[in-house]
file run_7.tsv (TSV, C-alpha atoms)
chain	number	residue	atom	x	y	z
S	1	MET	CA	206.36	200.64	61.83
S	2	ALA	CA	204.70	198.26	64.28
S	3	GLU	CA	200.97	197.82	64.21
S	4	LYS	CA	199.09	199.68	66.94
S	5	LEU	CA	196.32	198.40	69.23
S	6	HIS	CA	193.15	200.47	69.48
S	7	PHE	CA	192.36	200.79	73.20
S	8	GLU	CA	189.26	202.19	74.87
S	9	LEU	CA	188.81	202.57	78.63
S	10	VAL	CA	185.24	203.31	79.65
S	11	SER	CA	183.87	204.05	83.11
S	12	PRO	CA	180.19	204.49	84.03
S	13	GLU	CA	180.65	208.25	83.79
S	14	ARG	CA	182.52	208.60	80.50
S	15	LEU	CA	184.98	207.42	77.89
S	16	LEU	CA	188.37	207.90	79.57
S	17	LEU	CA	190.75	206.82	76.80
S	18	SER	CA	190.35	206.07	73.12
S	19	GLU	CA	193.66	205.84	71.31
S	20	SER	CA	196.14	203.64	69.49
S	21	VAL	CA	198.93	202.22	71.68
S	22	ASP	CA	201.62	199.55	71.59
S	23	LEU	CA	200.64	197.40	74.59
S	24	VAL	CA	198.03	197.32	77.34
S	25	THR	CA	198.28	195.04	80.38
S	26	VAL	CA	194.99	194.42	82.23
S	27	PRO	CA	194.36	192.70	85.58
S	28	GLY	CA	192.22	189.77	84.43
S	29	LYS	CA	190.44	187.50	86.87
S	30	GLU	CA	192.95	184.69	86.29
S	31	GLY	CA	196.02	186.94	86.07
S	32	ASP	CA	197.51	189.84	84.15
S	33	ILE	CA	196.96	189.84	80.39
S	34	GLY	CA	199.20	191.69	77.96
S	35	VAL	CA	197.38	192.72	74.79
S	36	LEU	CA	199.13	193.71	71.55
S	37	ALA	CA	197.63	194.45	68.14
S	38	GLY	CA	196.39	191.22	66.56
S	39	HIS	CA	195.70	189.50	69.89
S	40	ALA	CA	193.26	186.56	69.77
S	41	PRO	CA	189.69	187.44	70.77
S	42	LEU	CA	188.90	187.02	74.46
S	43	MET	CA	186.74	188.31	77.26
S	44	THR	CA	187.57	188.36	80.96
S	45	THR	CA	186.29	189.91	84.12
S	46	LEU	CA	188.63	192.26	85.93
S	47	ARG	CA	190.02	191.96	89.42
S	48	PRO	CA	191.04	195.10	91.31
S	49	GLY	CA	194.41	196.09	89.94
S	50	VAL	CA	196.40	198.30	87.60
S	51	ILE	CA	196.08	198.75	83.86
S	52	ASN	CA	199.42	199.63	82.26
S	53	VAL	CA	199.32	201.49	78.94
S	54	ASP	CA	202.56	201.50	76.92
S	55	ASP	CA	203.19	203.55	73.82
S	56	ALA	CA	206.61	204.26	72.31
S	57	GLY	CA	207.92	207.70	73.13
S	58	ARG	CA	205.44	208.34	75.96
S	59	PRO	CA	205.69	207.61	79.68
S	60	GLN	CA	203.81	204.51	80.81
S	61	ARG	CA	200.35	205.31	82.12
S	62	ARG	CA	199.02	203.36	85.08
S	63	ILE	CA	195.33	203.30	86.00
S	64	PHE	CA	193.76	201.53	88.97
S	65	VAL	CA	190.53	199.69	88.10
S	66	ARG	CA	187.97	197.88	90.20
S	67	GLY	CA	185.30	195.69	88.67
S	68	GLY	CA	184.20	195.34	85.10
S	69	PHE	CA	185.47	193.38	82.14
S	70	ALA	CA	187.85	193.51	79.20
S	71	GLU	CA	187.10	192.38	75.67
S	72	VAL	CA	189.57	191.88	72.83
S	73	THR	CA	188.12	191.82	69.31
S	74	SER	CA	189.55	192.39	65.85
S	75	ALA	CA	188.79	196.10	66.44
S	76	GLY	CA	191.02	196.27	69.55
S	77	LEU	CA	190.70	196.19	73.34
S	78	THR	CA	187.79	197.66	75.27
S	79	VAL	CA	187.81	197.82	79.06
S	80	LEU	CA	184.53	198.60	80.81
S	81	ALA	CA	185.45	199.35	84.41
S	82	GLU	CA	183.17	200.06	87.37
S	83	PHE	CA	185.74	202.35	89.00
S	84	THR	CA	188.93	203.92	87.64
S	85	VAL	CA	191.54	206.34	88.93
S	86	PRO	CA	195.02	207.15	87.60
S	87	ILE	CA	197.69	205.82	89.98
S	88	GLU	CA	199.18	209.29	90.38
S	89	GLU	CA	195.85	210.43	91.86
S	90	LEU	CA	195.72	207.61	94.41
S	91	ASP	CA	196.81	208.20	97.92
S	92	ARG	CA	196.93	206.07	101.02
S	93	ALA	CA	193.72	207.65	102.39
S	94	THR	CA	191.75	206.65	99.27
S	95	ILE	CA	193.01	203.08	99.43
S	96	ASP	CA	192.38	202.88	103.18
S	97	ARG	CA	188.78	204.02	102.54
S	98	GLU	CA	188.32	201.33	99.86
S	99	ILE	CA	189.80	198.75	102.27
S	100	GLY	CA	187.23	199.84	104.87
S	101	TYR	CA	184.39	199.29	102.40
S	102	ALA	CA	185.79	195.89	101.41
S	103	THR	CA	186.16	194.88	105.06
S	104	GLU	CA	182.48	195.75	105.61
S	105	ASP	CA	181.59	193.61	102.59
S	106	VAL	CA	183.49	190.66	104.09
S	107	ASN	CA	181.74	191.08	107.44
S	108	ASP	CA	178.29	191.55	105.87
S	109	ALA	CA	178.53	188.64	103.40
S	110	LYS	CA	175.45	186.39	103.52
S	111	SER	CA	177.08	183.35	101.90
S	112	GLU	CA	180.48	181.73	101.77
S	113	GLN	CA	180.75	182.57	98.06
S	114	ALA	CA	180.01	186.25	98.74
S	115	ARG	CA	182.49	186.27	101.61
S	116	GLN	CA	185.22	184.75	99.44
S	117	ALA	CA	184.61	187.30	96.66
S	118	ALA	CA	184.72	190.18	99.15
S	119	GLN	CA	187.88	188.77	100.76
S	120	GLU	CA	189.56	188.51	97.37
S	121	LYS	CA	188.73	192.16	96.66
S	122	LEU	CA	190.10	193.13	100.09
S	123	ASP	CA	193.33	191.19	99.46
S	124	HIS	CA	193.85	192.93	96.11
S	125	LEU	CA	193.32	196.34	97.67
S	126	ARG	CA	195.89	195.57	100.34
S	127	GLN	CA	198.32	194.62	97.58
S	128	LEU	CA	197.64	197.97	95.93
S	129	LEU	CA	199.11	199.69	98.97
S	130	GLU	CA	202.48	198.41	97.76
S	131	VAL	CA	202.06	200.37	94.50
S	132	VAL	CA	201.28	203.72	96.13

call {"tool": "encode", "arguments": {"input": "run_7.tsv", "output": "structure tokens"}}
result
Amino acid sequence: MAEKLHFELVSPERLLLSESVDLVTVPGKEGDIGVLAGHAPLMTTLRPGVINVDDAGRPQRRIFVRGGFAEVTSAGLTVLAEFTVPIEELDRATIDREIGYATEDVNDAKSEQARQAAQEKLDHLRQLLEVV
């Protein structure tokens, strides 16, 4: 029997998931990261994107996250996300609303660095429209 990865997904409101799974893919700042049991320790910030949770015998679960970070330790993977919603609960209206907020952030940015960060968030949200 393959070793399982302990995975916890935490939002500001509550602990959303705490279970043993086969594989979790998270949208890291530099790209997607697949985490299995025994993964080397790491920490990364998250970009807006989708967490995929795979466990043998169960349908894949997909959760949209925005903001936060992921940490892999010997105890497993913990994701602390600013905002989460299961993909099946997302609809075009929700994404369009988030795009509106991100567009305001781009327009209201006080520095080039803030504008670039807001633009990156906006670009990722637009890519999410392809998932819904």

call {"tool": "residues_around", "arguments": {"input": "run_7.tsv", "residues": "S:Glu82", "least_positions_apart": "4", "cutoff": "12 Å", "atoms": "only C-alpha atoms", "output": "PyMOL selection string"}}
result
chain S and resi 9-14+45-48+64-70

call {"tool": "residues_near_point", "arguments": {"input": "run_7.tsv", "point": "(195.1, 195.2, 83.8)", "cutoff": "6 Å", "atoms": "only C-alpha atoms", "output": "list of chain:residue names"}}
result
S:Thr25, S:Val26, S:Pro27, S:Asp32, S:Val50, S:Ile51

call {"tool": "residues_around", "arguments": {"input": "run_7.tsv", "residues": "S:Glu8", "least_positions_apart": "6", "cutoff": "10 Å", "atoms": "all atoms listed in the file", "output": "PyMOL selection string"}}
result
chain S and resi 15-20+70+76-80

call {"tool": "closest_residue", "arguments": {"input": "run_7.tsv", "among": "S:Lys121, S:Ala40, S:Val85, S:Glu130", "to": "S:Arg61", "atoms": "all atoms listed in the file"}}
result
S:Val85

call {"tool": "residues_around", "arguments": {"input": "run_7.tsv", "residues": "S:Asp22", "least_positions_apart": "2", "cutoff": "10 Å", "atoms": "all atoms listed in the file", "output": "short mmCIF file (atom, residue, chain, number, x, y, z; two decimals) with C-alpha atoms, in the coordinates of the input"}}
result
data_model
loop_
_atom_site.label_atom_id
_atom_site.label_comp_id
_atom_site.auth_asym_id
_atom_site.auth_seq_id
_atom_site.Cartn_x
_atom_site.Cartn_y
_atom_site.Cartn_z
CA ALA S 2 204.70 198.26 64.28
CA GLU S 3 200.97 197.82 64.21
CA LYS S 4 199.09 199.68 66.94
CA LEU S 5 196.32 198.40 69.23
CA HIS S 6 193.15 200.47 69.48
CA PHE S 7 192.36 200.79 73.20
CA SER S 20 196.14 203.64 69.49
CA VAL S 24 198.03 197.32 77.34
CA VAL S 35 197.38 192.72 74.79
CA LEU S 36 199.13 193.71 71.55
CA ALA S 37 197.63 194.45 68.14
CA VAL S 53 199.32 201.49 78.94
CA ASP S 54 202.56 201.50 76.92
CA ASP S 55 203.19 203.55 73.82
CA ALA S 56 206.61 204.26 72.31
#

call {"tool": "residues_near_point", "arguments": {"input": "run_7.tsv", "point": "(182.4, 188.7, 106.7)", "cutoff": "12 Å", "atoms": "all atoms listed in the file", "output": "list of chain:residue names"}}
result
S:Tyr101, S:Ala102, S:Thr103, S:Glu104, S:Asp105, S:Val106, S:Asn107, S:Asp108, S:Ala109, S:Lys110, S:Ser111, S:Glu112, S:Gln113, S:Ala114, S:Arg115, S:Gln116, S:Ala117, S:Ala118, S:Gln119, S:Glu120, S:Leu122

call {"tool": "atom_distance", "arguments": {"input": "run_7.tsv", "atom1": "atom CA of S:Pro41", "atom2": "atom CA of S:Thr73"}}
result
4.9 Å

call {"tool": "closest_residue", "arguments": {"input": "run_7.tsv", "among": "S:Arg97, S:His39, S:Arg126, S:Arg92", "to": "S:Leu23", "atoms": "all atoms listed in the file"}}
result
S:His39

call {"tool": "atom_distance", "arguments": {"input": "run_7.tsv", "atom1": "atom CA of S:Ile87", "atom2": "atom CA of S:Val132"}}
result
7.4 Å

call {"tool": "atom_distance", "arguments": {"input": "run_7.tsv", "atom1": "atom CA of S:Phe83", "atom2": "atom CA of S:Gln127"}}
result
17.1 Å

call {"tool": "closest_residue", "arguments": {"input": "run_7.tsv", "among": "S:Ile63, S:Ala81, S:Leu42, S:Val72", "to": "S:Val131", "atoms": "all atoms listed in the file"}}
result
S:Ile63

call {"tool": "axis_aligned_box", "arguments": {"input": "run_7.tsv", "around": "stretch 18-27 of chain S", "padding_each_side": "4 Å", "output": "lines of an AutoDock Vina configuration file"}}
result
center_x = 196.0
center_y = 199.4
center_z = 77.5
size_x = 19.3
size_y = 21.4
size_z = 24.1

call {"tool": "closest_residue", "arguments": {"input": "run_7.tsv", "among": "S:Ile95, S:Val21, S:Leu90, S:Leu125", "to": "S:Gly49", "atoms": "only C-alpha atoms"}}
result
S:Leu125

call {"tool": "decode", "arguments": {"input": "run_7.tsv", "residues": "stretch 98-110 of chain S", "atoms": "all heavy atoms", "output": "PDB file, in the first residue's frame"}}
result
ATOM      1  N   GLU S  98     -14.916  38.817  -9.459  1.00  0.00           N
ATOM      2  CA  GLU S  98     -13.510  38.836  -9.031  1.00  0.00           C
ATOM      3  C   GLU S  98     -12.652  39.584 -10.047  1.00  0.00           C
ATOM      4  O   GLU S  98     -11.725  40.317  -9.681  1.00  0.00           O
ATOM      5  CB  GLU S  98     -12.991  37.404  -8.837  1.00  0.00           C
ATOM      6  CG  GLU S  98     -13.591  36.683  -7.659  1.00  0.00           C
ATOM      7  CD  GLU S  98     -13.175  37.270  -6.337  1.00  0.00           C
ATOM      8  OE1 GLU S  98     -12.006  37.662  -6.174  1.00  0.00           O
ATOM      9  OE2 GLU S  98     -14.043  37.349  -5.443  1.00  0.00           O
ATOM     10  N   ILE S  99     -12.942  39.412 -11.338  1.00  0.00           N
ATOM     11  CA  ILE S  99     -12.214  40.130 -12.384  1.00  0.00           C
ATOM     12  C   ILE S  99     -12.452  41.631 -12.241  1.00  0.00           C
ATOM     13  O   ILE S  99     -11.531  42.435 -12.406  1.00  0.00           O
ATOM     14  CB  ILE S  99     -12.608  39.614 -13.785  1.00  0.00           C
ATOM     15  CG1 ILE S  99     -11.979  38.237 -14.015  1.00  0.00           C
ATOM     16  CG2 ILE S  99     -12.190  40.592 -14.886  1.00  0.00           C
ATOM     17  CD1 ILE S  99     -12.424  37.540 -15.281  1.00  0.00           C
ATOM     18  N   GLY S 100     -13.671  42.021 -11.911  1.00  0.00           N
ATOM     19  CA  GLY S 100     -13.970  43.442 -11.680  1.00  0.00           C
ATOM     20  C   GLY S 100     -13.142  44.016 -10.543  1.00  0.00           C
ATOM     21  O   GLY S 100     -12.577  45.109 -10.662  1.00  0.00           O
ATOM     22  N   TYR S 101     -13.044  43.269  -9.438  1.00  0.00           N
ATOM     23  CA  TYR S 101     -12.230  43.725  -8.304  1.00  0.00           C
ATOM     24  C   TYR S 101     -10.763  43.841  -8.705  1.00  0.00           C
ATOM     25  O   TYR S 101     -10.075  44.807  -8.357  1.00  0.00           O
ATOM     26  CB  TYR S 101     -12.351  42.772  -7.114  1.00  0.00           C
ATOM     27  CG  TYR S 101     -13.721  42.676  -6.502  1.00  0.00           C
ATOM     28  CD1 TYR S 101     -14.153  41.487  -5.929  1.00  0.00           C
ATOM     29  CD2 TYR S 101     -14.604  43.758  -6.490  1.00  0.00           C
ATOM     30  CE1 TYR S 101     -15.409  41.382  -5.361  1.00  0.00           C
ATOM     31  CE2 TYR S 101     -15.859  43.653  -5.920  1.00  0.00           C
ATOM     32  CZ  TYR S 101     -16.259  42.469  -5.348  1.00  0.00           C
ATOM     33  OH  TYR S 101     -17.501  42.361  -4.779  1.00  0.00           O
ATOM     34  N   ALA S 102     -10.279  42.841  -9.449  1.00  0.00           N
ATOM     35  CA  ALA S 102      -8.871  42.852  -9.863  1.00  0.00           C
ATOM     36  C   ALA S 102      -8.600  43.997 -10.835  1.00  0.00           C
ATOM     37  O   ALA S 102      -7.530  44.622 -10.774  1.00  0.00           O
ATOM     38  CB  ALA S 102      -8.509  41.510 -10.500  1.00  0.00           C
ATOM     39  N   THR S 103      -9.544  44.291 -11.702  1.00  0.00           N
ATOM     40  CA  THR S 103      -9.387  45.414 -12.628  1.00  0.00           C
ATOM     41  C   THR S 103      -9.291  46.731 -11.863  1.00  0.00           C
ATOM     42  O   THR S 103      -8.451  47.585 -12.181  1.00  0.00           O
ATOM     43  CB  THR S 103     -10.565  45.464 -13.624  1.00  0.00           C
ATOM     44  OG1 THR S 103     -10.590  44.217 -14.346  1.00  0.00           O
ATOM     45  CG2 THR S 103     -10.427  46.615 -14.605  1.00  0.00           C
ATOM     46  N   GLU S 104     -10.112  46.881 -10.823  1.00  0.00           N
ATOM     47  CA  GLU S 104     -10.029  48.072  -9.969  1.00  0.00           C
ATOM     48  C   GLU S 104      -8.662  48.166  -9.308  1.00  0.00           C
ATOM     49  O   GLU S 104      -8.093  49.255  -9.209  1.00  0.00           O
ATOM     50  CB  GLU S 104     -11.119  48.038  -8.902  1.00  0.00           C
ATOM     51  CG  GLU S 104     -12.508  48.288  -9.421  1.00  0.00           C
ATOM     52  CD  GLU S 104     -13.569  48.166  -8.331  1.00  0.00           C
ATOM     53  OE1 GLU S 104     -13.221  48.135  -7.140  1.00  0.00           O
ATOM     54  OE2 GLU S 104     -14.754  48.104  -8.688  1.00  0.00           O
ATOM     55  N   ASP S 105      -8.141  47.021  -8.845  1.00  0.00           N
ATOM     56  CA  ASP S 105      -6.815  47.015  -8.221  1.00  0.00           C
ATOM     57  C   ASP S 105      -5.738  47.470  -9.198  1.00  0.00           C
ATOM     58  O   ASP S 105      -4.824  48.202  -8.820  1.00  0.00           O
ATOM     59  CB  ASP S 105      -6.476  45.620  -7.683  1.00  0.00           C
ATOM     60  CG  ASP S 105      -7.330  45.220  -6.490  1.00  0.00           C
ATOM     61  OD1 ASP S 105      -7.980  46.108  -5.888  1.00  0.00           O
ATOM     62  OD2 ASP S 105      -7.346  44.014  -6.159  1.00  0.00           O
ATOM     63  N   VAL S 106      -5.841  47.033 -10.460  1.00  0.00           N
ATOM     64  CA  VAL S 106      -4.874  47.467 -11.476  1.00  0.00           C
ATOM     65  C   VAL S 106      -4.969  48.974 -11.671  1.00  0.00           C
ATOM     66  O   VAL S 106      -3.954  49.682 -11.674  1.00  0.00           O
ATOM     67  CB  VAL S 106      -5.109  46.742 -12.828  1.00  0.00           C
ATOM     68  CG1 VAL S 106      -4.275  47.369 -13.945  1.00  0.00           C
ATOM     69  CG2 VAL S 106      -4.793  45.255 -12.703  1.00  0.00           C
ATOM     70  N   ASN S 107      -6.181  49.477 -11.802  1.00  0.00           N
ATOM     71  CA  ASN S 107      -6.384  50.914 -12.038  1.00  0.00           C
ATOM     72  C   ASN S 107      -6.003  51.783 -10.847  1.00  0.00           C
ATOM     73  O   ASN S 107      -5.581  52.924 -11.016  1.00  0.00           O
ATOM     74  CB  ASN S 107      -7.841  51.183 -12.432  1.00  0.00           C
ATOM     75  CG  ASN S 107      -8.202  50.558 -13.762  1.00  0.00           C
ATOM     76  OD1 ASN S 107      -7.345  50.351 -14.619  1.00  0.00           O
ATOM     77  ND2 ASN S 107      -9.464  50.234 -13.934  1.00  0.00           N
ATOM     78  N   ASP S 108      -6.138  51.240  -9.628  1.00  0.00           N
ATOM     79  CA  ASP S 108      -5.865  52.013  -8.410  1.00  0.00           C
ATOM     80  C   ASP S 108      -4.436  51.855  -7.895  1.00  0.00           C
ATOM     81  O   ASP S 108      -4.070  52.470  -6.895  1.00  0.00           O
ATOM     82  CB  ASP S 108      -6.828  51.609  -7.290  1.00  0.00           C
ATOM     83  CG  ASP S 108      -8.272  51.957  -7.606  1.00  0.00           C
ATOM     84  OD1 ASP S 108      -8.499  52.788  -8.511  1.00  0.00           O
ATOM     85  OD2 ASP S 108      -9.176  51.389  -6.953  1.00  0.00           O
ATOM     86  N   ALA S 109      -3.626  51.034  -8.559  1.00  0.00           N
ATOM     87  CA  ALA S 109      -2.264  50.759  -8.084  1.00  0.00           C
ATOM     88  C   ALA S 109      -1.452  52.046  -7.989  1.00  0.00           C
ATOM     89  O   ALA S 109      -1.472  52.878  -8.899  1.00  0.00           O
ATOM     90  CB  ALA S 109      -1.581  49.762  -9.008  1.00  0.00           C
ATOM     91  N   LYS S 110      -0.736  52.199  -6.880  1.00  0.00           N
ATOM     92  CA  LYS S 110       0.055  53.406  -6.628  1.00  0.00           C
ATOM     93  C   LYS S 110       1.504  53.289  -7.099  1.00  0.00           C
ATOM     94  O   LYS S 110       2.213  54.274  -7.169  1.00  0.00           O
ATOM     95  CB  LYS S 110       0.054  53.729  -5.127  1.00  0.00           C
ATOM     96  CG  LYS S 110      -1.324  53.898  -4.540  1.00  0.00           C
ATOM     97  CD  LYS S 110      -1.943  55.189  -4.985  1.00  0.00           C
ATOM     98  CE  LYS S 110      -3.244  55.408  -4.236  1.00  0.00           C
ATOM     99  NZ  LYS S 110      -4.318  55.880  -5.044  1.00  0.00           N
TER     100      LYS S 110
END
